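> My structure file input_16.cif, mmCIF, C-alpha atoms, is below:
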```cif
data_entry
loop_
_atom_site.label_atom_id
_atom_site.label_comp_id
_atom_site.auth_asym_id
_atom_site.auth_seq_id
_atom_site.Cartn_x
_atom_site.Cartn_y
_atom_site.Cartn_z
CA MET A 1 3.44 -64.37 58.00
CA SER A 2 0.06 -65.94 57.71
CA ARG A 3 -1.89 -62.88 56.59
CA ARG A 4 -2.68 -62.96 52.95
CA VAL A 5 -1.55 -60.05 50.79
CA ARG A 6 -4.37 -57.56 50.54
CA ILE A 7 -5.11 -56.11 47.13
CA ALA A 8 -7.49 -53.35 46.03
CA THR A 9 -8.32 -52.46 42.45
CA THR A 10 -10.24 -49.70 40.75
CA SER A 11 -11.00 -48.31 37.33
CA LEU A 12 -10.86 -44.54 36.91
CA ALA A 13 -11.10 -43.20 33.32
CA GLY A 14 -10.72 -46.69 31.90
CA CYS A 15 -12.90 -49.21 30.11
CA PHE A 16 -12.51 -52.16 32.54
CA GLY A 17 -10.42 -53.87 29.87
CA CYS A 18 -7.54 -54.15 32.36
CA HIS A 19 -9.86 -55.79 34.88
CA THR A 20 -11.00 -58.14 32.14
CA SER A 21 -7.36 -58.97 31.46
CA PHE A 22 -6.96 -59.58 35.21
CA LEU A 23 -9.77 -62.14 34.94
CA ASP A 24 -7.99 -63.63 31.91
CA MET A 25 -5.50 -65.12 34.38
CA ASP A 26 -8.15 -67.88 34.30
CA GLU A 27 -7.32 -70.89 36.47
CA ARG A 28 -4.41 -69.02 38.01
CA LEU A 29 -7.06 -66.95 39.78
CA LEU A 30 -7.64 -69.98 42.02
CA ARG A 31 -3.99 -69.95 43.05
CA LEU A 32 -4.14 -66.19 43.47
CA ALA A 33 -7.20 -66.56 45.71
CA GLY A 34 -5.05 -68.59 48.07
CA GLN A 35 -2.38 -65.90 48.13
CA VAL A 36 -4.36 -62.68 48.30
CA GLU A 37 -7.42 -61.14 49.80
CA LEU A 38 -9.35 -58.79 47.53
CA ASP A 39 -10.36 -55.60 49.27
CA ARG A 40 -12.16 -52.74 47.53
CA SER A 41 -12.55 -53.71 43.88
CA PRO A 42 -15.22 -53.86 41.17
CA LEU A 43 -14.78 -57.62 41.54
CA THR A 44 -15.91 -57.58 45.19
CA ASP A 45 -18.22 -54.57 44.99
CA ARG A 46 -16.82 -53.49 48.35
CA LYS A 47 -17.23 -49.72 48.66
CA GLN A 48 -14.64 -48.91 51.32
CA ILE A 49 -10.92 -49.46 51.09
CA ARG A 50 -8.87 -50.64 54.08
CA HIS A 51 -5.12 -50.53 54.30
CA CYS A 52 -3.82 -52.64 51.42
CA ASP A 53 -0.45 -54.01 50.37
CA ILE A 54 -1.08 -53.49 46.66
CA GLY A 55 -3.38 -51.13 44.77
CA LEU A 56 -3.98 -51.67 41.06
CA ILE A 57 -5.17 -48.54 39.26
CA GLU A 58 -6.77 -48.85 35.84
CA GLY A 59 -7.53 -45.66 33.92
CA GLY A 60 -6.34 -42.09 33.99
CA LEU A 61 -7.97 -39.04 35.57
CA CYS A 62 -10.97 -37.47 33.84
CA ASN A 63 -13.08 -36.06 36.70
CA SER A 64 -13.08 -34.89 40.31
CA GLU A 65 -14.16 -38.29 41.63
CA ASN A 66 -11.13 -39.92 39.97
CA ILE A 67 -8.87 -37.50 41.83
CA GLU A 68 -10.48 -38.18 45.19
CA LEU A 69 -10.41 -41.95 44.67
CA LEU A 70 -6.80 -42.03 43.45
CA ARG A 71 -5.68 -40.01 46.49
CA ARG A 72 -7.59 -42.42 48.73
CA PHE A 73 -5.90 -45.41 47.08
CA ARG A 74 -2.48 -43.79 47.38
CA ALA A 75 -3.07 -43.13 51.08
CA CYS A 76 -4.23 -46.70 51.73
CA CYS A 77 -1.89 -48.77 49.53
CA THR A 78 1.72 -49.56 50.35
CA THR A 79 2.47 -50.27 46.69
CA LEU A 80 0.55 -48.53 43.94
CA VAL A 81 0.59 -49.89 40.39
CA ALA A 82 -0.47 -48.04 37.23
CA LEU A 83 -2.18 -50.84 35.32
CA GLY A 84 -2.54 -50.30 31.59
CA ALA A 85 -2.11 -47.56 29.01
CA CYS A 86 -4.70 -45.14 30.43
CA ALA A 87 -3.21 -45.05 33.92
CA VAL A 88 0.32 -44.86 32.49
CA ASN A 89 -0.16 -42.22 29.79
CA GLY A 90 -3.83 -41.25 29.57
CA GLY A 91 -4.56 -43.78 26.84
CA ILE A 92 -7.46 -43.51 24.43
CA PRO A 93 -9.50 -41.09 26.60
CA ALA A 94 -6.60 -38.63 26.28
CA LEU A 95 -7.45 -38.30 22.59
CA ARG A 96 -9.85 -35.62 23.83
CA ASN A 97 -6.95 -33.50 25.09
CA ARG A 98 -6.64 -31.93 21.66
CA TYR A 99 -10.07 -30.35 22.15
CA THR A 100 -11.41 -28.10 24.88
CA LEU A 101 -13.84 -29.67 27.34
CA GLU A 102 -16.53 -27.36 26.01
CA GLU A 103 -15.94 -28.57 22.45
CA CYS A 104 -16.24 -32.20 23.64
CA LEU A 105 -19.48 -31.56 25.52
CA ARG A 106 -21.00 -29.63 22.62
CA GLU A 107 -20.16 -32.42 20.21
CA ALA A 108 -21.40 -35.18 22.54
CA TYR A 109 -24.59 -33.59 23.89
CA LEU A 110 -25.62 -30.68 21.66
CA GLU A 111 -24.38 -30.83 18.09
CA GLY A 112 -23.38 -34.42 17.33
CA ALA A 113 -25.32 -36.60 14.89
CA GLY A 114 -28.59 -38.16 16.06
CA ILE A 115 -29.01 -36.21 19.30
CA GLU A 116 -32.54 -35.73 20.59
CA ASN A 117 -33.42 -33.26 23.33
CA PRO A 118 -29.93 -31.73 23.35
CA GLN A 119 -28.69 -30.71 26.79
CA ILE A 120 -25.42 -30.92 28.68
CA PRO A 121 -25.90 -33.04 31.82
CA ASP A 122 -25.66 -30.81 34.89
CA ASP A 123 -26.96 -32.90 37.78
CA PRO A 124 -25.02 -31.73 40.86
CA GLU A 125 -24.28 -35.35 41.76
CA LEU A 126 -22.24 -35.83 38.60
CA PRO A 127 -18.48 -35.48 39.16
CA ARG A 128 -16.99 -32.40 37.51
CA LEU A 129 -15.07 -33.23 34.35
CA LEU A 130 -11.45 -32.11 34.15
CA GLU A 131 -10.34 -29.94 31.26
CA ASN A 132 -7.85 -32.66 30.27
CA ILE A 133 -7.19 -36.35 30.87
CA HIS A 134 -4.13 -36.94 33.05
CA PRO A 135 -1.99 -40.04 33.63
CA ILE A 136 -2.02 -40.95 37.30
CA HIS A 137 1.68 -40.23 37.93
CA GLU A 138 0.88 -36.55 37.46
CA LEU A 139 -1.15 -36.63 40.71
CA VAL A 140 0.39 -39.29 42.97
CA THR A 141 3.60 -41.26 43.31
CA VAL A 142 3.35 -44.49 41.33
CA ASP A 143 5.53 -47.40 42.42
CA TYR A 144 5.26 -49.60 39.33
CA SER A 145 3.71 -49.38 35.89
CA LEU A 146 2.48 -52.05 33.56
CA PRO A 147 1.70 -50.65 30.11
CA GLY A 148 -0.56 -52.29 27.54
CA CYS A 149 -4.11 -51.95 26.29
CA PRO A 150 -4.71 -54.06 28.20
CA PRO A 151 -1.56 -55.51 29.77
CA PRO A 152 -1.50 -59.25 29.00
CA ALA A 153 -2.84 -61.49 31.76
CA ASP A 154 0.59 -63.14 31.87
CA ALA A 155 2.15 -59.75 32.63
CA ILE A 156 -0.32 -59.07 35.44
CA TRP A 157 0.35 -62.54 36.84
CA ALA A 158 4.13 -62.03 36.68
CA LEU A 159 3.84 -58.63 38.36
CA LEU A 160 1.64 -59.90 41.18
CA GLN A 161 3.82 -62.95 41.79
CA ASP A 162 6.90 -60.71 42.01
CA LEU A 163 5.19 -58.30 44.42
CA ILE A 164 3.70 -61.07 46.57
CA ALA A 165 7.14 -62.70 46.85
CA GLY A 166 8.70 -59.36 47.75
CA ARG A 167 10.77 -59.24 44.56
CA GLU A 168 11.41 -56.19 42.42
CA PRO A 169 9.08 -56.72 39.44
CA VAL A 170 10.91 -57.08 36.14
CA PRO A 171 8.46 -57.85 33.34
CA PRO A 172 9.75 -60.30 30.74
CA LEU A 173 10.63 -58.44 27.53
CA GLU A 174 8.00 -60.29 25.49
CA LEU A 175 5.24 -59.11 27.84
CA ILE A 176 6.02 -55.40 27.47
CA ARG A 177 3.59 -53.82 25.03
CA TYR A 178 1.97 -50.44 24.57
CA ASP A 179 -1.06 -51.63 22.61
CA MET B 1 41.01 -61.64 8.34
CA ASN B 2 43.85 -59.16 8.75
CA GLY B 3 41.96 -55.86 8.45
CA PRO B 4 41.64 -53.35 11.28
CA THR B 5 39.44 -54.13 14.24
CA PHE B 6 38.02 -52.40 17.28
CA THR B 7 35.92 -53.76 20.11
CA ILE B 8 32.31 -53.25 21.16
CA ASP B 9 31.65 -54.36 24.74
CA GLY B 10 34.80 -56.46 24.53
CA ARG B 11 33.88 -58.19 21.28
CA SER B 12 36.25 -57.76 18.34
CA VAL B 13 34.64 -56.04 15.34
CA PRO B 14 36.32 -55.78 11.93
CA PHE B 15 35.79 -52.66 9.84
CA THR B 16 36.93 -51.01 6.67
CA GLU B 17 38.47 -47.56 6.64
CA GLY B 18 35.81 -44.83 6.67
CA GLN B 19 33.07 -46.96 8.19
CA SER B 20 31.16 -45.52 11.13
CA ILE B 21 30.89 -47.43 14.39
CA ILE B 22 27.24 -48.29 13.69
CA GLN B 23 28.02 -49.54 10.15
CA ALA B 24 30.69 -51.88 11.42
CA ALA B 25 28.48 -52.99 14.31
CA ARG B 26 25.62 -53.85 11.94
CA GLU B 27 27.89 -55.95 9.74
CA ALA B 28 29.03 -57.78 12.86
CA GLY B 29 25.42 -58.35 13.94
CA ILE B 30 25.63 -56.04 16.94
CA TYR B 31 22.58 -53.90 17.55
CA ILE B 32 23.08 -50.28 18.55
CA PRO B 33 19.69 -48.61 19.09
CA HIS B 34 18.81 -45.80 16.73
CA LEU B 35 15.83 -44.00 15.20
CA CYS B 36 17.14 -41.30 12.87
CA TYR B 37 19.85 -43.52 11.41
CA HIS B 38 19.11 -45.62 8.33
CA PRO B 39 21.78 -47.49 6.37
CA GLU B 40 20.62 -46.00 3.06
CA PHE B 41 21.09 -42.43 4.15
CA ARG B 42 23.78 -40.15 5.42
CA PRO B 43 23.75 -39.97 9.21
CA HIS B 44 21.71 -37.26 10.83
CA GLY B 45 22.99 -37.59 14.38
CA SER B 46 19.89 -36.07 15.97
CA CYS B 47 18.10 -38.79 17.93
CA ARG B 48 21.19 -39.56 20.07
CA LEU B 49 19.98 -43.10 20.77
CA CYS B 50 23.10 -44.55 19.16
CA VAL B 51 25.43 -42.69 21.49
CA VAL B 52 28.19 -45.03 22.72
CA GLU B 53 31.22 -44.54 24.91
CA ALA B 54 34.50 -44.39 23.02
CA GLY B 55 37.83 -42.86 23.95
CA GLY B 56 36.43 -41.52 27.21
CA ARG B 57 33.66 -39.61 25.45
CA SER B 58 30.05 -40.16 24.54
CA VAL B 59 29.77 -40.11 20.75
CA PRO B 60 26.99 -40.92 18.25
CA ALA B 61 27.85 -44.26 16.62
CA CYS B 62 26.20 -43.17 13.35
CA SER B 63 28.53 -40.26 12.70
CA THR B 64 31.73 -41.36 14.43
CA PRO B 65 34.25 -43.31 12.36
CA ALA B 66 35.52 -46.63 13.67
CA VAL B 67 39.14 -46.45 14.79
CA ALA B 68 41.50 -49.42 14.97
CA GLY B 69 42.05 -50.69 18.50
CA GLN B 70 39.37 -48.46 20.01
CA GLN B 71 37.32 -49.86 22.87
CA VAL B 72 33.66 -48.96 22.42
CA ARG B 73 31.03 -49.53 25.06
CA ASN B 74 27.44 -49.92 23.87
CA ARG B 75 25.40 -51.79 26.47
CA THR B 76 26.08 -50.06 29.74
CA GLU B 77 23.49 -49.33 32.38
CA ARG B 78 24.27 -45.63 32.11
CA LEU B 79 23.85 -45.50 28.33
CA ASP B 80 20.65 -47.55 28.34
CA ARG B 81 19.22 -45.35 31.09
CA MET B 82 19.96 -42.23 29.04
CA ARG B 83 18.52 -43.86 25.91
CA ARG B 84 15.37 -44.76 27.82
CA THR B 85 15.02 -41.16 28.96
CA LEU B 86 15.37 -39.97 25.35
CA VAL B 87 12.62 -42.33 24.22
CA GLU B 88 10.41 -41.23 27.12
CA LEU B 89 10.88 -37.63 25.99
CA LEU B 90 9.86 -38.56 22.44
CA PHE B 91 6.71 -40.17 23.80
CA VAL B 92 5.72 -37.22 26.02
CA GLU B 93 6.40 -34.52 23.43
CA GLY B 94 4.22 -36.15 20.76
CA ASN B 95 0.84 -37.86 20.83
CA HIS B 96 1.57 -41.57 20.60
CA PHE B 97 -1.70 -43.40 21.13
CA CYS B 98 -0.34 -46.87 20.45
CA PRO B 99 -3.61 -48.77 21.04
CA ALA B 100 -5.28 -46.79 18.24
CA CYS B 101 -2.36 -46.57 15.81
CA PRO B 102 -2.25 -48.72 12.65
CA LYS B 103 1.56 -48.73 12.86
CA SER B 104 1.50 -50.43 16.26
CA GLY B 105 3.52 -53.63 16.20
CA ASN B 106 5.56 -52.36 13.26
CA CYS B 107 6.70 -49.11 14.85
CA LYS B 108 10.38 -48.53 15.55
CA LEU B 109 9.73 -45.98 18.30
CA GLN B 110 7.58 -48.51 20.12
CA ALA B 111 10.03 -51.35 19.50
CA VAL B 112 12.98 -49.33 20.82
CA GLY B 113 10.88 -48.54 23.89
CA TYR B 114 10.30 -52.25 24.45
CA TRP B 115 13.97 -53.06 23.94
CA LEU B 116 14.95 -50.44 26.50
CA ARG B 117 12.25 -51.75 28.87
CA MET B 118 10.47 -48.42 28.99
CA LEU B 119 7.39 -48.99 31.14
CA ASP B 120 6.46 -45.42 32.01
CA THR B 121 7.98 -42.01 32.44
CA PRO B 122 8.31 -39.47 35.25
CA PHE B 123 7.70 -36.64 32.79
CA PRO B 124 4.32 -34.97 32.25
CA TYR B 125 2.76 -35.60 28.85
CA LEU B 126 2.58 -32.42 26.77
CA PHE B 127 -0.35 -33.45 24.53
CA PRO B 128 0.65 -30.94 21.83
CA ARG B 129 -1.88 -29.87 19.24
CA ARG B 130 -0.59 -30.77 15.82
CA GLU B 131 -2.43 -30.58 12.53
CA LEU B 132 -3.53 -33.80 10.85
CA ASP B 133 -3.23 -33.80 7.07
CA ALA B 134 -5.75 -36.16 5.45
CA SER B 135 -5.75 -34.39 2.08
CA HIS B 136 -3.91 -37.14 0.20
CA HIS B 137 -5.89 -39.97 -1.38
CA ASP B 138 -3.46 -42.73 -0.45
CA VAL B 139 -1.35 -41.42 2.42
CA LEU B 140 -2.15 -39.99 5.84
CA LEU B 141 0.18 -37.48 7.50
CA ASP B 142 -0.43 -37.70 11.24
CA ARG B 143 1.93 -35.16 12.78
CA ASP B 144 1.08 -36.45 16.28
CA ARG B 145 3.39 -39.39 15.59
CA CYS B 146 6.29 -37.50 14.01
CA ILE B 147 9.60 -37.66 15.89
CA PHE B 148 11.53 -35.32 13.55
CA CYS B 149 14.08 -37.93 12.48
CA GLU B 150 14.09 -36.35 9.00
CA LEU B 151 14.24 -39.73 7.27
CA CYS B 152 11.35 -38.69 4.99
CA VAL B 153 13.11 -35.39 4.35
CA ARG B 154 16.29 -37.19 3.30
CA ALA B 155 14.52 -39.94 1.31
CA SER B 156 12.35 -37.49 -0.59
CA ARG B 157 15.36 -35.37 -1.45
CA GLU B 158 17.96 -38.05 -2.17
CA VAL B 159 15.99 -41.05 -3.47
CA ASP B 160 12.61 -39.81 -4.69
CA ARG B 161 14.14 -36.56 -5.99
CA LYS B 162 10.99 -34.68 -4.99
CA ASN B 163 12.14 -32.69 -1.95
CA LEU B 164 8.67 -32.77 -0.43
CA PHE B 165 9.43 -32.46 3.27
CA ALA B 166 11.18 -30.19 5.75
CA ILE B 167 11.14 -29.55 9.47
CA GLY B 168 10.01 -26.10 10.47
CA GLY B 169 9.77 -24.34 13.83
CA LYS B 170 11.79 -24.68 17.00
CA GLY B 171 11.50 -26.77 20.16
CA THR B 172 7.95 -27.83 20.99
CA ARG B 173 6.73 -25.94 17.91
CA CYS B 174 8.69 -28.17 15.53
CA ARG B 175 6.49 -29.50 12.76
CA LEU B 176 6.91 -31.57 9.62
CA LEU B 177 6.22 -29.27 6.67
CA VAL B 178 5.07 -30.31 3.21
CA ASN B 179 6.61 -28.61 0.22
CA SER B 180 3.55 -28.11 -1.97
CA PRO B 181 1.60 -25.08 -3.23
CA ASP B 182 -0.87 -25.14 -0.31
CA GLY B 183 1.40 -26.90 2.19
CA ARG B 184 -0.78 -29.99 2.14
CA LEU B 185 0.06 -33.56 1.24
CA GLY B 186 -2.74 -33.91 -1.33
CA SER B 187 -1.14 -31.49 -3.77
CA SER B 188 2.43 -32.58 -3.09
CA GLY B 189 2.95 -35.26 -5.72
CA LEU B 190 3.79 -37.90 -3.06
CA SER B 191 2.98 -41.39 -4.29
CA LEU B 192 2.62 -44.73 -2.53
CA GLY B 193 5.90 -46.06 -3.91
CA ASP B 194 7.93 -43.17 -2.53
CA ARG B 195 10.84 -44.13 -0.29
CA ALA B 196 9.94 -41.18 1.96
CA LEU B 197 6.79 -43.00 2.95
CA GLN B 198 8.47 -46.35 3.51
CA VAL B 199 11.26 -45.14 5.80
CA CYS B 200 9.06 -43.42 8.38
CA PRO B 201 9.90 -45.24 11.62
CA THR B 202 6.54 -44.35 13.21
CA GLY B 203 3.01 -43.98 11.88
CA ALA B 204 3.44 -40.33 10.93
CA LEU B 205 3.42 -41.10 7.19
CA LEU B 206 1.17 -44.07 6.63
CA PRO B 207 -0.62 -45.65 3.65
CA ARG B 208 -4.35 -45.23 4.18
CA LYS B 209 -5.23 -48.67 2.89
CA GLY B 210 -4.18 -51.87 4.62
CA ALA B 211 -4.41 -50.65 8.21
CA PHE B 212 -4.77 -53.46 10.76
CA HIS B 213 -4.67 -56.13 8.02
CA VAL B 214 -1.90 -58.02 9.81
CA PRO B 215 -3.32 -59.55 12.99
CA VAL B 216 -1.74 -59.01 16.40
CA GLY B 217 0.85 -61.73 16.88
CA ARG B 218 2.14 -61.60 13.29
CA ARG B 219 3.40 -58.03 13.14
CA LEU B 220 7.07 -57.16 12.70
CA TYR B 221 7.90 -56.76 16.39
CA ASP B 222 5.46 -59.32 17.80
CA GLY B 223 7.59 -61.98 19.41
CA ARG B 224 10.95 -60.59 18.30
CA SER B 225 12.81 -57.53 19.41
CA ILE B 226 14.04 -54.69 17.24
CA ALA B 227 17.56 -55.98 17.83
CA GLU B 228 16.62 -59.17 15.98
CA SER B 229 14.84 -57.48 13.07
CA ASP B 230 16.87 -54.34 12.61
CA GLU B 231 17.06 -53.01 9.09
#
```
Give the structure from this file in structure tokens form.


Amino acid sequence: MSRRVRIATTSLAGCFGCHTSFLDMDERLLRLAGQVELDRSPLTDRKQIRHCDIGLIEGGLCNSENIELLRRFRACCTTLVALGACAVNGGIPALRNRYTLEECLREAYLEGAGIENPQIPDDPELPRLLENIHPIHELVTVDYSLPGCPPPADAIWALLQDLIAGREPVPPLELIRYD
Amino acid sequence: MNGPTFTIDGRSVPFTEGQSIIQAAREAGIYIPHLCYHPEFRPHGSCRLCVVEAGGRSVPACSTPAVAGQQVRNRTERLDRMRRTLVELLFVEGNHFCPACPKSGNCKLQAVGYWLRMLDTPFPYLFPRRELDASHHDVLLDRDRCIFCELCVRASREVDRKNLFAIGGKGTRCRLLVNSPDGRLGSSGLSLGDRALQVCPTGALLPRKGAFHVPVGRRLYDGRSIAESDE
């Protein structure tokens, strides 16, 4: 097999911290570049996804665009990975699940401190917000999960090396963390 | 050493008459996972993490006496899988936002999850709405993180002699209650030195000062598993 493993990544309701941790693989990225081909990803700015061997999903689901994109990734990726706390369990954005969406919008755009010209954004191009944040396994089948906020770069490296080699990923105990 | 013995995963473990399986295991340096058990208190038997196989049955090691010659199995794939499911259920039925929790790194729930290699769960998260009690000057009661182990209930009753806590409600409506005139922590008479506060395995009862003072990397379960630092 000469074709390099094709990987796509995206951030849904995340903060790009997991992508930053991906970049924290530092010089190992050079070795990775020889093993994989990056498809759709914020790192390539490619807008379309082709069929990929591995899809890394950062972030949970907070709006209609997240749902569409996650379904697209699931359809295109042989192996789908929930990368980081938000994809795995909703993470920090899910703190808003204790409030209604209306309460959140009122606080953020109408009644919060220091707001000028209060109005709730309603441009039709904006994706519709979901009432709650959802972890991605509630919408699609997830093959592997890597918790952490963010997962350590070493854990991402170990996971990718296992997947590239066709091994069942087993993260070392010391790299499992939820924070 | 001529006293009675039994075995855990094939290893001989001495015990004294009346000791539970988990007590004897601890003295022998064998870790059996647990959350509601604490050596200072009478067993509660509710978290079921310490369930082991003995005599052809699954029994909680905290409330089952050791028996001479008995063969106990602790680390089996089946038991660890069931334990992992139990911990997953604790995570989905509460609100455990580890990245934003001051107890992170020192939390037994989290550390047991690591030890059992819990990476995710197939269950949907319930995101229950539970009332936060910030009425106390020194202590925060964050019910989101409560796992109903009743260690605070037992410590407050048996050690602090204040009887400040109880569990009320059933099923998903279970809540930690505060025994005070207005049901809030601020008027309860809880003080920082109370054992009830110290034994909380999660961040449900937490001193308000000192959060995040210990840097990541130097916390209790950074770099060592709960099996190595079990109390």

> Which polymer residues have any atom within 9 Å of an atom of A:Ile92, counting all atoms listed in the file, with same-chain residues fewer than 4 positions away left out, as a list in words?

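Listing them by chain and then by number gives Gly14, Ala85, Cys86 and Arg96 of chain A; Phe97, Cys98, Pro99 and Ala100 of chain B.
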
> Find the distance between atom CA of B:Val139 and atom CA of B:Arg48 and write it in Å to one decimal.

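One can read the atom CA of B:Val139 to atom CA of B:Arg48 distance as 28.7 Å.
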
> I would like the residues chosen by the PyMOL selection byres ((chain B and resi 176) around 8) on the shown file; could you give them as a VMD selection string?

chain B and resid 143 146 148 165 to 168 174 to 175 177 to 178

> Please, which residues of chain B lie no more than 8 Å from chain A when the count uses only C-alpha atoms, and can they be set out as a PDB file with C-alpha atoms, keeping the file's coordinate frame?


```
ATOM      1  CA  PHE B  97      -1.700 -43.400  21.130  1.00  0.00           C
ATOM      2  CA  CYS B  98      -0.340 -46.870  20.450  1.00  0.00           C
ATOM      3  CA  PRO B  99      -3.610 -48.770  21.040  1.00  0.00           C
ATOM      4  CA  ALA B 100      -5.280 -46.790  18.240  1.00  0.00           C
ATOM      5  CA  SER B 104       1.500 -50.430  16.260  1.00  0.00           C
ATOM      6  CA  GLN B 110       7.580 -48.510  20.120  1.00  0.00           C
ATOM      7  CA  TYR B 114      10.300 -52.250  24.450  1.00  0.00           C
ATOM      8  CA  TRP B 115      13.970 -53.060  23.940  1.00  0.00           C
ATOM      9  CA  ARG B 117      12.250 -51.750  28.870  1.00  0.00           C
ATOM     10  CA  LEU B 119       7.390 -48.990  31.140  1.00  0.00           C
ATOM     11  CA  ASP B 120       6.460 -45.420  32.010  1.00  0.00           C
ATOM     12  CA  PRO B 122       8.310 -39.470  35.250  1.00  0.00           C
ATOM     13  CA  PRO B 124       4.320 -34.970  32.250  1.00  0.00           C
ATOM     14  CA  TYR B 125       2.760 -35.600  28.850  1.00  0.00           C
ATOM     15  CA  PHE B 127      -0.350 -33.450  24.530  1.00  0.00           C
ATOM     16  CA  PRO B 128       0.650 -30.940  21.830  1.00  0.00           C
ATOM     17  CA  ARG B 129      -1.880 -29.870  19.240  1.00  0.00           C
ATOM     18  CA  GLY B 223       7.590 -61.980  19.410  1.00  0.00           C
ATOM     19  CA  ARG B 224      10.950 -60.590  18.300  1.00  0.00           C
TER      20      ARG B 224
END
```

> Which residues, named as in the file, does the PyMOL selection byres ((chain B and resi 135) around 7) pick out? Answer as a list in words.

Asp133, Ala134, His136, His137, Arg184, Leu185 and Gly186 of chain B

> To one decimal place, how far is atom CA of B:Thr121 from atom CA of A:Pro127 in Å?

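Value for the atom CA of B:Thr121-atom CA of A:Pro127 distance: 28.1 Å.
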